[in-house]
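Participant: Below is the file coords_35.csv, with CSV, C-alpha atoms and all ligand atoms.
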chain,number,residue,atom,x,y,z
A,1,MET,CA,-10.1,280.9,197.7
A,2,PHE,CA,-7.2,282.4,199.8
A,3,PRO,CA,-4.7,284.4,197.8
A,4,SER,CA,-1.3,282.7,197.4
A,5,PRO,CA,1.2,283.8,200.0
A,6,LEU,CA,3.7,286.4,198.9
A,7,PHE,CA,7.4,285.7,199.4
A,8,GLY,CA,10.5,287.8,199.6
A,9,ALA,CA,13.7,286.5,197.9
A,10,ILE,CA,17.2,287.7,198.4
A,11,GLU,CA,20.2,286.6,196.3
A,12,ALA,CA,23.1,288.1,198.2
A,13,GLY,CA,26.3,288.3,196.2
A,14,GLY,CA,29.6,290.0,196.6
A,15,THR,CA,29.0,292.4,193.8
A,16,LYS,CA,25.2,292.7,193.8
A,17,PHE,CA,22.1,291.8,195.8
A,18,VAL,CA,19.1,290.8,193.7
A,19,LEU,CA,15.7,291.1,195.5
A,20,GLY,CA,12.3,289.9,194.5
A,21,VAL,CA,8.8,289.5,195.7
A,22,GLY,CA,6.4,287.0,194.2
A,23,THR,CA,4.3,284.0,194.8
A,24,GLY,CA,6.3,281.6,192.6
A,25,PRO,CA,8.4,281.4,189.4
A,26,GLU,CA,5.5,282.4,187.2
A,27,ASP,CA,4.5,285.2,189.4
A,28,MET,CA,7.6,287.3,190.3
A,29,ARG,CA,5.8,290.6,190.9
A,30,GLU,CA,8.8,292.8,191.2
A,31,THR,CA,12.6,292.5,191.3
A,32,THR,CA,15.4,295.0,191.9
A,33,ARG,CA,19.2,294.9,192.0
A,34,ILE,CA,21.4,296.7,194.5
A,35,GLU,CA,25.0,297.1,193.5
A,36,THR,CA,27.1,296.1,196.5
A,37,ASP,CA,30.8,296.7,196.6
A,38,THR,CA,31.2,294.5,199.8
A,39,ARG,CA,34.8,295.7,200.0
A,40,SER,CA,33.9,299.3,200.5
A,41,THR,CA,30.3,299.4,201.7
A,42,PRO,CA,29.4,298.3,205.3
A,43,SER,CA,26.8,295.5,205.6
A,44,SER,CA,24.5,297.7,207.7
A,45,GLU,CA,24.2,300.2,204.8
A,46,ILE,CA,23.2,297.5,202.3
A,47,LEU,CA,20.9,295.7,204.6
A,48,ALA,CA,19.1,299.0,205.4
A,49,LYS,CA,18.6,299.4,201.6
A,50,VAL,CA,17.3,295.8,201.4
A,51,THR,CA,14.7,296.2,204.2
A,52,ALA,CA,13.6,299.6,202.9
A,53,TRP,CA,13.0,298.1,199.4
A,54,PHE,CA,10.9,295.2,200.9
A,55,GLN,CA,8.9,297.7,203.0
A,56,GLU,CA,8.1,299.7,199.8
A,57,ALA,CA,7.4,296.4,198.0
A,58,GLU,CA,4.9,295.4,200.7
A,59,SER,CA,3.1,298.7,200.3
A,60,ARG,CA,2.6,297.9,196.6
A,61,HIS,CA,2.0,294.1,196.7
A,62,GLY,CA,0.9,293.2,200.3
A,63,LYS,CA,2.5,291.6,203.3
A,64,LEU,CA,5.3,289.1,202.9
A,65,ALA,CA,4.5,285.7,204.4
A,66,ALA,CA,8.2,284.5,204.5
A,67,ILE,CA,11.6,285.5,203.3
A,68,GLY,CA,14.4,283.4,201.8
A,69,VAL,CA,18.1,284.3,201.6
A,70,GLY,CA,20.7,282.7,199.4
A,71,THR,CA,24.0,284.3,200.2
A,72,PHE,CA,27.7,284.4,199.4
A,73,GLY,CA,29.7,282.8,202.2
A,74,PRO,CA,31.1,281.5,204.3
A,75,ALA,CA,27.8,281.7,206.1
A,76,GLY,CA,26.1,280.1,209.1
A,77,VAL,CA,23.6,277.6,207.7
A,78,ASN,CA,22.9,275.4,210.7
A,79,PRO,CA,19.7,276.5,212.4
A,80,ALA,CA,21.0,275.0,215.7
A,81,ALA,CA,24.2,277.0,215.7
A,82,ALA,CA,24.8,280.5,217.3
A,83,ASP,CA,25.9,281.9,213.9
A,84,TYR,CA,22.8,280.8,212.0
A,85,GLY,CA,21.8,283.5,209.5
A,86,TYR,CA,25.2,285.2,209.6
A,87,ILE,CA,27.7,285.8,206.9
A,88,THR,CA,30.6,284.6,209.0
A,89,THR,CA,34.3,284.5,208.2
A,90,THR,CA,34.3,286.4,204.9
A,91,PRO,CA,37.6,288.2,204.3
A,92,LYS,CA,35.6,291.3,203.4
A,93,PRO,CA,36.1,293.1,206.7
A,94,LEU,CA,33.0,295.2,206.4
A,95,TRP,CA,30.9,292.0,206.1
A,96,ALA,CA,32.5,289.6,208.5
A,97,ASN,CA,30.1,288.4,211.2
A,98,THR,CA,27.1,290.1,209.7
A,99,ASP,CA,23.7,289.0,211.2
A,100,VAL,CA,21.7,289.0,208.0
A,101,LEU,CA,18.6,287.3,209.3
A,102,GLY,CA,18.7,289.4,212.5
A,103,ALA,CA,18.6,292.6,210.5
A,104,LEU,CA,15.6,291.2,208.5
A,105,ARG,CA,13.8,289.8,211.5
A,106,ARG,CA,13.8,293.2,213.2
A,107,VAL,CA,11.6,294.6,210.4
A,108,PHE,CA,9.8,291.5,209.1
A,109,PRO,CA,8.6,289.1,211.8
A,110,VAL,CA,8.0,286.2,209.4
A,111,PRO,CA,9.5,282.7,208.8
A,112,MET,CA,12.8,282.9,207.1
A,113,GLY,CA,15.0,280.4,205.1
A,114,PHE,CA,18.8,280.9,204.8
A,115,ASP,CA,21.4,279.0,202.8
A,116,THR,CA,24.3,279.6,200.5
A,117,ASP,CA,23.6,281.1,197.2
A,118,VAL,CA,24.5,277.9,195.4
A,119,ASN,CA,22.5,275.6,197.6
A,120,ALA,CA,19.6,277.9,197.0
A,121,ALA,CA,20.2,277.8,193.3
A,122,ALA,CA,20.3,274.0,193.4
A,123,LEU,CA,17.0,274.0,195.3
A,124,GLY,CA,15.5,276.4,192.7
A,125,GLU,CA,16.7,274.2,189.8
A,126,TRP,CA,15.4,271.1,191.6
A,127,ARG,CA,11.9,272.6,192.1
A,128,TRP,CA,11.4,274.4,188.7
A,129,GLY,CA,14.4,274.0,186.5
A,130,ALA,CA,16.9,271.4,185.1
A,131,GLY,CA,17.1,269.5,188.3
A,132,GLN,CA,13.5,268.3,188.5
A,133,GLY,CA,13.2,264.7,189.5
A,134,CYS,CA,16.7,264.4,190.8
A,135,GLY,CA,17.1,263.2,194.3
A,136,THR,CA,20.8,264.2,194.4
A,137,LEU,CA,21.8,267.2,192.4
A,138,LEU,CA,24.8,269.4,192.0
A,139,TYR,CA,24.8,273.1,190.9
A,140,LEU,CA,28.0,274.8,190.0
A,141,THR,CA,28.4,278.5,189.1
A,142,VAL,CA,31.4,279.9,187.3
A,143,GLY,CA,31.5,283.6,187.5
A,144,THR,CA,33.3,286.2,189.6
A,145,GLY,CA,33.9,283.2,191.9
A,146,ILE,CA,33.2,279.6,191.6
A,147,GLY,CA,30.8,277.9,194.0
A,148,GLY,CA,28.9,274.7,194.2
A,149,GLY,CA,25.8,273.6,196.0
A,150,ALA,CA,24.2,270.2,196.3
A,151,LEU,CA,20.9,268.6,197.2
A,152,VAL,CA,21.2,265.1,198.7
A,153,ARG,CA,17.8,263.3,198.6
A,154,GLY,CA,16.2,266.6,198.0
A,155,ARG,CA,17.7,268.4,200.9
A,156,PRO,CA,20.5,271.1,200.7
A,157,LEU,CA,23.8,269.5,201.7
A,158,HIS,CA,25.3,270.9,204.9
A,159,GLY,CA,27.9,269.4,207.1
A,160,LEU,CA,30.6,270.7,209.5
A,161,LEU,CA,29.9,274.0,207.7
A,162,HIS,CA,28.7,273.9,204.1
A,163,PRO,CA,30.5,272.8,200.9
A,164,GLU,CA,33.0,275.2,199.4
A,165,MET,CA,33.3,273.5,196.1
A,166,GLY,CA,35.1,276.4,194.4
A,167,HIS,CA,38.2,275.7,196.4
A,168,LEU,CA,38.8,272.1,195.2
A,169,ARG,CA,42.4,271.2,194.4
A,170,ILE,CA,42.6,270.4,190.7
A,171,PRO,CA,45.5,269.1,188.6
A,172,ARG,CA,47.0,271.9,186.4
A,173,ALA,CA,46.3,271.9,182.7
A,174,ALA,CA,49.5,270.8,180.8
A,175,GLY,CA,51.8,273.8,180.4
A,176,ASP,CA,49.7,276.1,182.5
A,177,THR,CA,52.1,278.2,184.7
A,178,PHE,CA,49.5,280.8,185.9
A,179,GLU,CA,49.8,281.3,189.6
A,180,GLY,CA,46.0,281.6,190.2
A,181,VAL,CA,44.0,284.3,191.8
A,182,CYS,CA,42.6,282.7,194.9
A,183,PRO,CA,43.9,284.8,197.9
A,184,TRP,CA,44.0,281.7,200.1
A,185,HIS,CA,45.1,278.9,197.8
A,186,GLY,CA,46.4,280.5,194.6
A,187,ASP,CA,45.8,277.7,192.2
A,188,CYS,CA,42.6,276.1,193.5
A,189,LEU,CA,39.7,275.6,191.1
A,190,GLU,CA,38.4,279.1,191.6
A,191,GLY,CA,41.9,280.5,191.5
A,192,MET,CA,42.5,279.0,188.1
A,193,ALA,CA,39.1,279.1,186.4
A,194,ASN,CA,36.9,281.9,187.6
A,195,GLY,CA,36.2,284.9,185.4
A,196,PRO,CA,38.9,287.1,186.9
A,197,ALA,CA,41.4,284.2,186.5
A,198,MET,CA,40.6,284.0,182.8
A,199,GLU,CA,41.0,287.8,182.5
A,200,LYS,CA,44.3,287.9,184.3
A,201,ARG,CA,45.8,284.9,182.5
A,202,TRP,CA,44.8,286.1,179.0
A,203,GLY,CA,44.9,289.9,179.5
A,204,VAL,CA,41.4,290.4,178.2
A,205,LYS,CA,37.8,290.0,179.5
A,206,ALA,CA,36.7,286.4,179.2
A,207,SER,CA,33.6,287.5,177.3
A,208,THR,CA,35.9,288.8,174.5
A,209,LEU,CA,37.9,285.6,174.0
A,210,PRO,CA,36.9,284.0,170.7
A,211,PRO,CA,35.6,280.4,170.7
A,212,ASP,CA,38.7,279.1,169.0
A,213,HIS,CA,41.0,280.6,171.6
A,214,GLY,CA,43.0,278.0,173.6
A,215,ALA,CA,41.6,279.7,176.8
A,216,TRP,CA,38.4,277.7,176.4
A,217,GLU,CA,40.1,274.3,176.2
A,218,MET,CA,42.1,275.1,179.3
A,219,GLU,CA,38.9,276.4,181.1
A,220,ALA,CA,37.2,273.1,180.1
A,221,HIS,CA,40.0,271.1,181.6
A,222,TYR,CA,39.5,272.7,185.0
A,223,LEU,CA,35.8,272.5,185.0
A,224,ALA,CA,35.8,268.9,183.7
A,225,CYS,CA,38.2,267.8,186.5
A,226,ALA,CA,35.9,269.4,189.0
A,227,CYS,CA,32.8,267.7,187.5
A,228,VAL,CA,34.5,264.3,187.6
A,229,ASN,CA,35.4,264.9,191.2
A,230,PHE,CA,31.8,265.7,192.0
A,231,LEU,CA,30.6,262.6,190.0
A,232,MET,CA,33.0,260.4,192.0
A,233,THR,CA,32.2,261.8,195.4
A,234,LEU,CA,28.5,262.8,195.5
A,235,SER,CA,27.3,260.8,192.5
A,236,PRO,CA,24.8,263.5,191.6
A,237,GLU,CA,22.1,262.5,189.2
A,238,ARG,CA,22.7,265.7,187.3
A,239,CYS,CA,25.3,268.4,187.3
A,240,ILE,CA,24.1,271.9,186.4
A,241,ILE,CA,26.7,274.5,185.4
A,242,GLY,CA,25.8,278.2,185.2
A,243,GLY,CA,27.4,281.6,185.8
A,244,GLY,CA,28.8,284.3,183.6
A,245,VAL,CA,31.7,282.3,182.2
A,246,THR,CA,29.4,279.7,180.8
A,247,GLN,CA,27.3,282.2,178.9
A,248,ASN,CA,28.3,280.9,175.4
A,249,ASN,CA,27.3,277.8,173.5
A,250,HIS,CA,30.8,276.2,173.2
A,251,LEU,CA,32.1,275.7,176.7
A,252,LEU,CA,29.7,273.1,178.0
A,253,PRO,CA,30.2,270.7,175.1
A,254,ARG,CA,34.0,271.0,175.7
A,255,VAL,CA,33.6,270.3,179.4
A,256,ARG,CA,31.3,267.3,178.6
A,257,ALA,CA,33.9,265.8,176.2
A,258,LYS,CA,36.8,266.2,178.6
A,259,CYS,CA,34.7,264.9,181.5
A,260,ALA,CA,33.7,261.8,179.5
A,261,ALA,CA,37.4,261.2,178.6
A,262,LEU,CA,38.4,261.4,182.2
A,263,VAL,CA,35.7,259.0,183.4
A,264,ASN,CA,36.9,256.7,180.6
A,265,HIS,CA,33.9,254.4,180.7
A,266,TYR,CA,34.6,253.5,184.3
A,267,LEU,CA,31.0,254.2,185.2
A,268,ALA,CA,28.0,252.9,183.4
A,269,HIS,CA,24.6,254.5,183.7
A,270,PRO,CA,22.0,255.5,181.0
A,271,VAL,CA,22.2,259.1,182.2
A,272,LEU,CA,26.0,259.1,181.5
A,273,ALA,CA,25.5,257.7,178.0
A,274,GLY,CA,25.7,259.8,174.8
A,275,GLY,CA,28.4,262.2,175.7
A,276,LEU,CA,26.9,263.4,179.0
A,277,GLU,CA,24.3,265.6,177.4
A,278,ASN,CA,21.8,264.5,180.0
A,279,TRP,CA,24.1,264.7,183.0
A,280,LEU,CA,26.1,267.9,182.5
A,281,VAL,CA,23.5,270.6,181.7
A,282,ALA,CA,22.9,274.4,181.7
A,283,PRO,CA,20.5,275.8,184.3
A,284,GLY,CA,16.9,275.5,183.3
A,285,LEU,CA,16.1,278.8,185.0
A,286,GLY,CA,18.8,280.7,183.1
A,287,THR,CA,20.2,283.4,185.3
A,288,ARG,CA,17.3,283.2,187.8
A,289,SER,CA,18.3,280.0,189.6
A,290,GLY,CA,19.6,281.9,192.7
A,291,LEU,CA,16.7,284.3,193.1
A,292,LEU,CA,14.1,281.6,192.5
A,293,GLY,CA,16.1,279.4,194.8
A,294,ALA,CA,15.8,282.0,197.5
A,295,LEU,CA,12.1,282.1,196.9
A,296,ALA,CA,12.0,278.3,197.3
A,297,LEU,CA,13.8,278.7,200.7
A,298,ALA,CA,11.1,281.2,201.7
A,299,GLN,CA,8.4,278.7,200.7
A,300,GLU,CA,10.0,275.9,202.7
A,301,ALA,CA,10.4,278.2,205.7
A,302,LEU,CA,6.7,279.0,205.6
A,303,ALA,CA,5.8,275.3,205.2
A,304,ALA,CA,8.1,274.4,208.1
A,305,ALA,CA,6.4,277.0,210.3
A,306,GLY,CA,3.2,275.0,209.9
A,307,THR,CA,1.4,277.1,207.4
A,308,LYS,CA,0.1,275.3,204.3
A,309,VAL,CA,1.7,276.8,201.1
A,401,LIG,P1,28.7,286.8,189.7
A,401,LIG,O1,29.6,285.6,189.7
A,401,LIG,O2,29.4,288.1,190.2
A,401,LIG,O3,27.4,286.6,190.4
A,401,LIG,P2,28.4,286.3,186.9
A,401,LIG,O4,27.9,284.9,187.1
A,401,LIG,O5,27.6,287.1,185.9
A,401,LIG,O6,28.3,287.1,188.2
A,401,LIG,O7,29.9,286.2,186.5
A,401,LIG,C1,30.7,287.3,186.2
A,401,LIG,C2,32.0,286.9,185.6
A,401,LIG,O8,31.7,286.2,184.3
A,401,LIG,C3,32.9,288.0,185.2
A,401,LIG,O9,34.2,287.6,185.6
A,401,LIG,C4,32.8,288.1,183.7
A,401,LIG,O10,34.1,288.5,183.1
A,401,LIG,C5,32.5,286.7,183.3
A,401,LIG,N1,31.6,286.7,182.1
A,401,LIG,C6,30.5,287.4,181.9
A,401,LIG,N2,29.9,287.1,180.7
A,401,LIG,C7,30.8,286.3,180.1
A,401,LIG,C8,30.8,285.6,178.8
A,401,LIG,N3,29.9,285.8,177.9
A,401,LIG,N4,31.8,284.8,178.5
A,401,LIG,C9,32.8,284.6,179.5
A,401,LIG,N5,32.8,285.2,180.7
A,401,LIG,C10,31.8,286.0,181.0
A,402,ZN,ZN,40.7,278.8,196.9
Taking this structure as input, can you express it in the form of structure tokens?
Ligand code: ADP
Ligand code: ZN
Facilitator:
Amino acid sequence: MFPSPLFGAIEAGGTKFVLGVGTGPEDMRETTRIETDTRSTPSSEILAKVTAWFQEAESRHGKLAAIGVGTFGPAGVNPAAADYGYITTTPKPLWANTDVLGALRRVFPVPMGFDTDVNAAALGEWRWGAGQGCGTLLYLTVGTGIGGGALVRGRPLHGLLHPEMGHLRIPRAAGDTFEGVCPWHGDCLEGMANGPAMEKRWGVKASTLPPDHGAWEMEAHYLACACVNFLMTLSPERCIIGGGVTQNNHLLPRVRAKCAALVNHYLAHPVLAGGLENWLVAPGLGTRSGLLGALALAQEALAAAGTKV
């Protein structure tokens, strides 16, 4: 029997890169985390650390057969475009127009997959987590930023560029006068509802706000509006919500209740019955959706290169 191919996975975030090598979700051999202040550290410095870690990991575990990257964006995700594999127009000057795949290819001549962090997470959840069996699936993360990825008929959704679901326009919660924290739009979804917005609006870290604080009803309003918009546009079979802000057991039920109230029985489907428990769900892979999604991208890249996985 041939050994299973070994994959490299990269979850590239604005505050940290998470790297892993493994053959699959049950066999992640080694992971590491590289803190990345992308505002002060040049991309070349971080990418040099990334390639060095994978070279060391190869010496311990064997050669990588393929690498997958799920990245913060905006990023070039169209394989036919000149900017494929790049982090493109990010406002972080030290990271704008960074050829991520190019830097990896110079060291590892193997097939590579590249997509947004949230499309990768959607793919990971679809393969191994809470999105199994869904043809059309949405994954939303609510953390330092807000981002959404989608699979349509099992394929990551791209278009002109790629979806930027964090920047939806959402009606304000009644009485909310907060200006928002998005540098481009102020009061878009991300500007009103990411972790830093909660912290700035309430003056304390979101993780310290007690469950009975009004902050959570307001947060649920913004997330429920977003979920209804996704339901009405993409009609995903399931909507998965993860990220730091959702790391408690009271936010999701609030979002479900507000979402159901906004839908107001307009749509009928068994999956939407019973208070949306089966439609609006937490990630099945916990906090590993992004990294395992990157591994899934690597597996797909190897398969596409004609090698049987
Ligand atoms: P990132 O988005 O940077 O990948 P996370 O998904 O962990 O990372 O999100 C970090 C954000 O989530 C921070 O703004 C933090 O304040 C917030 N956060 C972390 N834990 C909690 C919690 N238990 N409750 C609410 N907010 C939290
Ligand atoms: Zn915005």
Participant: Would you compute the distance between CA of Leu223 (chain A) and CA of Lys258 (chain A)? Give it in Å to one decimal.
Facilitator: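 These two atoms are separated by 9.0 Å.
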Participant: Give me the residues near Cys134 (chain A) as an MDAnalysis selection string, where near means some atom within 8 Å (using all atoms listed in the file) and where sequence neighbours in that chain fewer than 2 positions away do not count.
Facilitator: chainID A and resid 126 131:132 136:137 153:154 237:238
Participant: So which residues are near ligand LIG 401 (chain A), meaning at most 10 Å away with all atoms listed in the file counted, given back as a PDB file with C-alpha atoms, keeping the file's coordinate frame?
Facilitator:
ATOM      1  CA  GLU A  11      20.200 286.600 196.300  1.00  0.00           C
ATOM      2  CA  ALA A  12      23.100 288.100 198.200  1.00  0.00           C
ATOM      3  CA  GLY A  13      26.300 288.300 196.200  1.00  0.00           C
ATOM      4  CA  GLY A  14      29.600 290.000 196.600  1.00  0.00           C
ATOM      5  CA  THR A  15      29.000 292.400 193.800  1.00  0.00           C
ATOM      6  CA  LYS A  16      25.200 292.700 193.800  1.00  0.00           C
ATOM      7  CA  PHE A  17      22.100 291.800 195.800  1.00  0.00           C
ATOM      8  CA  VAL A  18      19.100 290.800 193.700  1.00  0.00           C
ATOM      9  CA  PHE A  72      27.700 284.400 199.400  1.00  0.00           C
ATOM     10  CA  ASP A 117      23.600 281.100 197.200  1.00  0.00           C
ATOM     11  CA  THR A 141      28.400 278.500 189.100  1.00  0.00           C
ATOM     12  CA  VAL A 142      31.400 279.900 187.300  1.00  0.00           C
ATOM     13  CA  GLY A 143      31.500 283.600 187.500  1.00  0.00           C
ATOM     14  CA  THR A 144      33.300 286.200 189.600  1.00  0.00           C
ATOM     15  CA  GLY A 145      33.900 283.200 191.900  1.00  0.00           C
ATOM     16  CA  ILE A 146      33.200 279.600 191.600  1.00  0.00           C
ATOM     17  CA  GLY A 147      30.800 277.900 194.000  1.00  0.00           C
ATOM     18  CA  ALA A 193      39.100 279.100 186.400  1.00  0.00           C
ATOM     19  CA  ASN A 194      36.900 281.900 187.600  1.00  0.00           C
ATOM     20  CA  GLY A 195      36.200 284.900 185.400  1.00  0.00           C
ATOM     21  CA  PRO A 196      38.900 287.100 186.900  1.00  0.00           C
ATOM     22  CA  ALA A 197      41.400 284.200 186.500  1.00  0.00           C
ATOM     23  CA  MET A 198      40.600 284.000 182.800  1.00  0.00           C
ATOM     24  CA  GLU A 199      41.000 287.800 182.500  1.00  0.00           C
ATOM     25  CA  VAL A 204      41.400 290.400 178.200  1.00  0.00           C
ATOM     26  CA  LYS A 205      37.800 290.000 179.500  1.00  0.00           C
ATOM     27  CA  ALA A 206      36.700 286.400 179.200  1.00  0.00           C
ATOM     28  CA  SER A 207      33.600 287.500 177.300  1.00  0.00           C
ATOM     29  CA  THR A 208      35.900 288.800 174.500  1.00  0.00           C
ATOM     30  CA  LEU A 209      37.900 285.600 174.000  1.00  0.00           C
ATOM     31  CA  PRO A 210      36.900 284.000 170.700  1.00  0.00           C
ATOM     32  CA  PRO A 211      35.600 280.400 170.700  1.00  0.00           C
ATOM     33  CA  TRP A 216      38.400 277.700 176.400  1.00  0.00           C
ATOM     34  CA  GLY A 242      25.800 278.200 185.200  1.00  0.00           C
ATOM     35  CA  GLY A 243      27.400 281.600 185.800  1.00  0.00           C
ATOM     36  CA  GLY A 244      28.800 284.300 183.600  1.00  0.00           C
ATOM     37  CA  VAL A 245      31.700 282.300 182.200  1.00  0.00           C
ATOM     38  CA  THR A 246      29.400 279.700 180.800  1.00  0.00           C
ATOM     39  CA  GLN A 247      27.300 282.200 178.900  1.00  0.00           C
ATOM     40  CA  ASN A 248      28.300 280.900 175.400  1.00  0.00           C
ATOM     41  CA  ASN A 249      27.300 277.800 173.500  1.00  0.00           C
ATOM     42  CA  LEU A 251      32.100 275.700 176.700  1.00  0.00           C
ATOM     43  CA  THR A 287      20.200 283.400 185.300  1.00  0.00           C
ATOM     44  CA  GLY A 290      19.600 281.900 192.700  1.00  0.00           C
TER      45      GLY A 290
END
Participant: Report the closest atom pair, with its distance in Å rounded to one decimal, for each residue of chain A that has an atom no farther than 6 Å from ligand ZN 402 (chain A); count only C-alpha atoms and all ligand atoms, sort by chain and then rising residue number, and write it as a Markdown table.
Facilitator:
| residue | atom | partner | partner_atom | distance |
| --- | --- | --- | --- | --- |
| A:His167 | CA | A:ZN402 | ZN | 4.0 |
| A:Cys182 | CA | A:ZN402 | ZN | 4.8 |
| A:Trp184 | CA | A:ZN402 | ZN | 5.4 |
| A:His185 | CA | A:ZN402 | ZN | 4.5 |
| A:Cys188 | CA | A:ZN402 | ZN | 4.7 |
| A:Glu190 | CA | A:ZN402 | ZN | 5.8 |
| A:Gly191 | CA | A:ZN402 | ZN | 5.8 |
Participant: What's around region 21-33 of chain A at 7 Å? Count all atoms listed in the file, leave out sequence neighbours fewer than 2 positions away in its own chain, and write the answer as a list in words.
Facilitator: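 Residues meeting the cut-off are Ser4, Pro5, Leu6, Phe7, Gly8, Ala9, Lys16, Phe17, Val18, Leu19, Glu35 and Leu292 of chain A.
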Participant: By how many Å are CA of Phe114 (chain A) and CA of Leu297 (chain A) apart?
Facilitator: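 One can read the CA of Phe114 (chain A) to CA of Leu297 (chain A) distance as 6.8 Å.
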Participant: Counting all atoms listed in the file, note down every residue that has an atom within 12 Å of the point (23.7, 268.0, 200.6) (file coordinates), as a tab-separated table (two decimals) with C-alpha atoms, in the coordinates of the input.
Facilitator:
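Result saved to out05.tsv:
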chain	number	residue	atom	x	y	z
A	77	VAL	CA	23.60	277.60	207.70
A	115	ASP	CA	21.40	279.00	202.80
A	116	THR	CA	24.30	279.60	200.50
A	118	VAL	CA	24.50	277.90	195.40
A	119	ASN	CA	22.50	275.60	197.60
A	120	ALA	CA	19.60	277.90	197.00
A	122	ALA	CA	20.30	274.00	193.40
A	123	LEU	CA	17.00	274.00	195.30
A	135	GLY	CA	17.10	263.20	194.30
A	136	THR	CA	20.80	264.20	194.40
A	137	LEU	CA	21.80	267.20	192.40
A	138	LEU	CA	24.80	269.40	192.00
A	139	TYR	CA	24.80	273.10	190.90
A	148	GLY	CA	28.90	274.70	194.20
A	149	GLY	CA	25.80	273.60	196.00
A	150	ALA	CA	24.20	270.20	196.30
A	151	LEU	CA	20.90	268.60	197.20
A	152	VAL	CA	21.20	265.10	198.70
A	153	ARG	CA	17.80	263.30	198.60
A	154	GLY	CA	16.20	266.60	198.00
A	155	ARG	CA	17.70	268.40	200.90
A	156	PRO	CA	20.50	271.10	200.70
A	157	LEU	CA	23.80	269.50	201.70
A	158	HIS	CA	25.30	270.90	204.90
A	159	GLY	CA	27.90	269.40	207.10
A	160	LEU	CA	30.60	270.70	209.50
A	161	LEU	CA	29.90	274.00	207.70
A	162	HIS	CA	28.70	273.90	204.10
A	163	PRO	CA	30.50	272.80	200.90
A	164	GLU	CA	33.00	275.20	199.40
A	165	MET	CA	33.30	273.50	196.10
A	233	THR	CA	32.20	261.80	195.40
A	234	LEU	CA	28.50	262.80	195.50
A	235	SER	CA	27.30	260.80	192.50
A	236	PRO	CA	24.80	263.50	191.60
Participant: Restricting the calculation to all atoms listed in the file, which member of A:Thr89, A:Val255, A:Trp279, A:Phe2 is positioned closest to His221 (chain A)?
Facilitator: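 Looking only at the distances to His221 (chain A), the closest residue turns out to be A:Val255.
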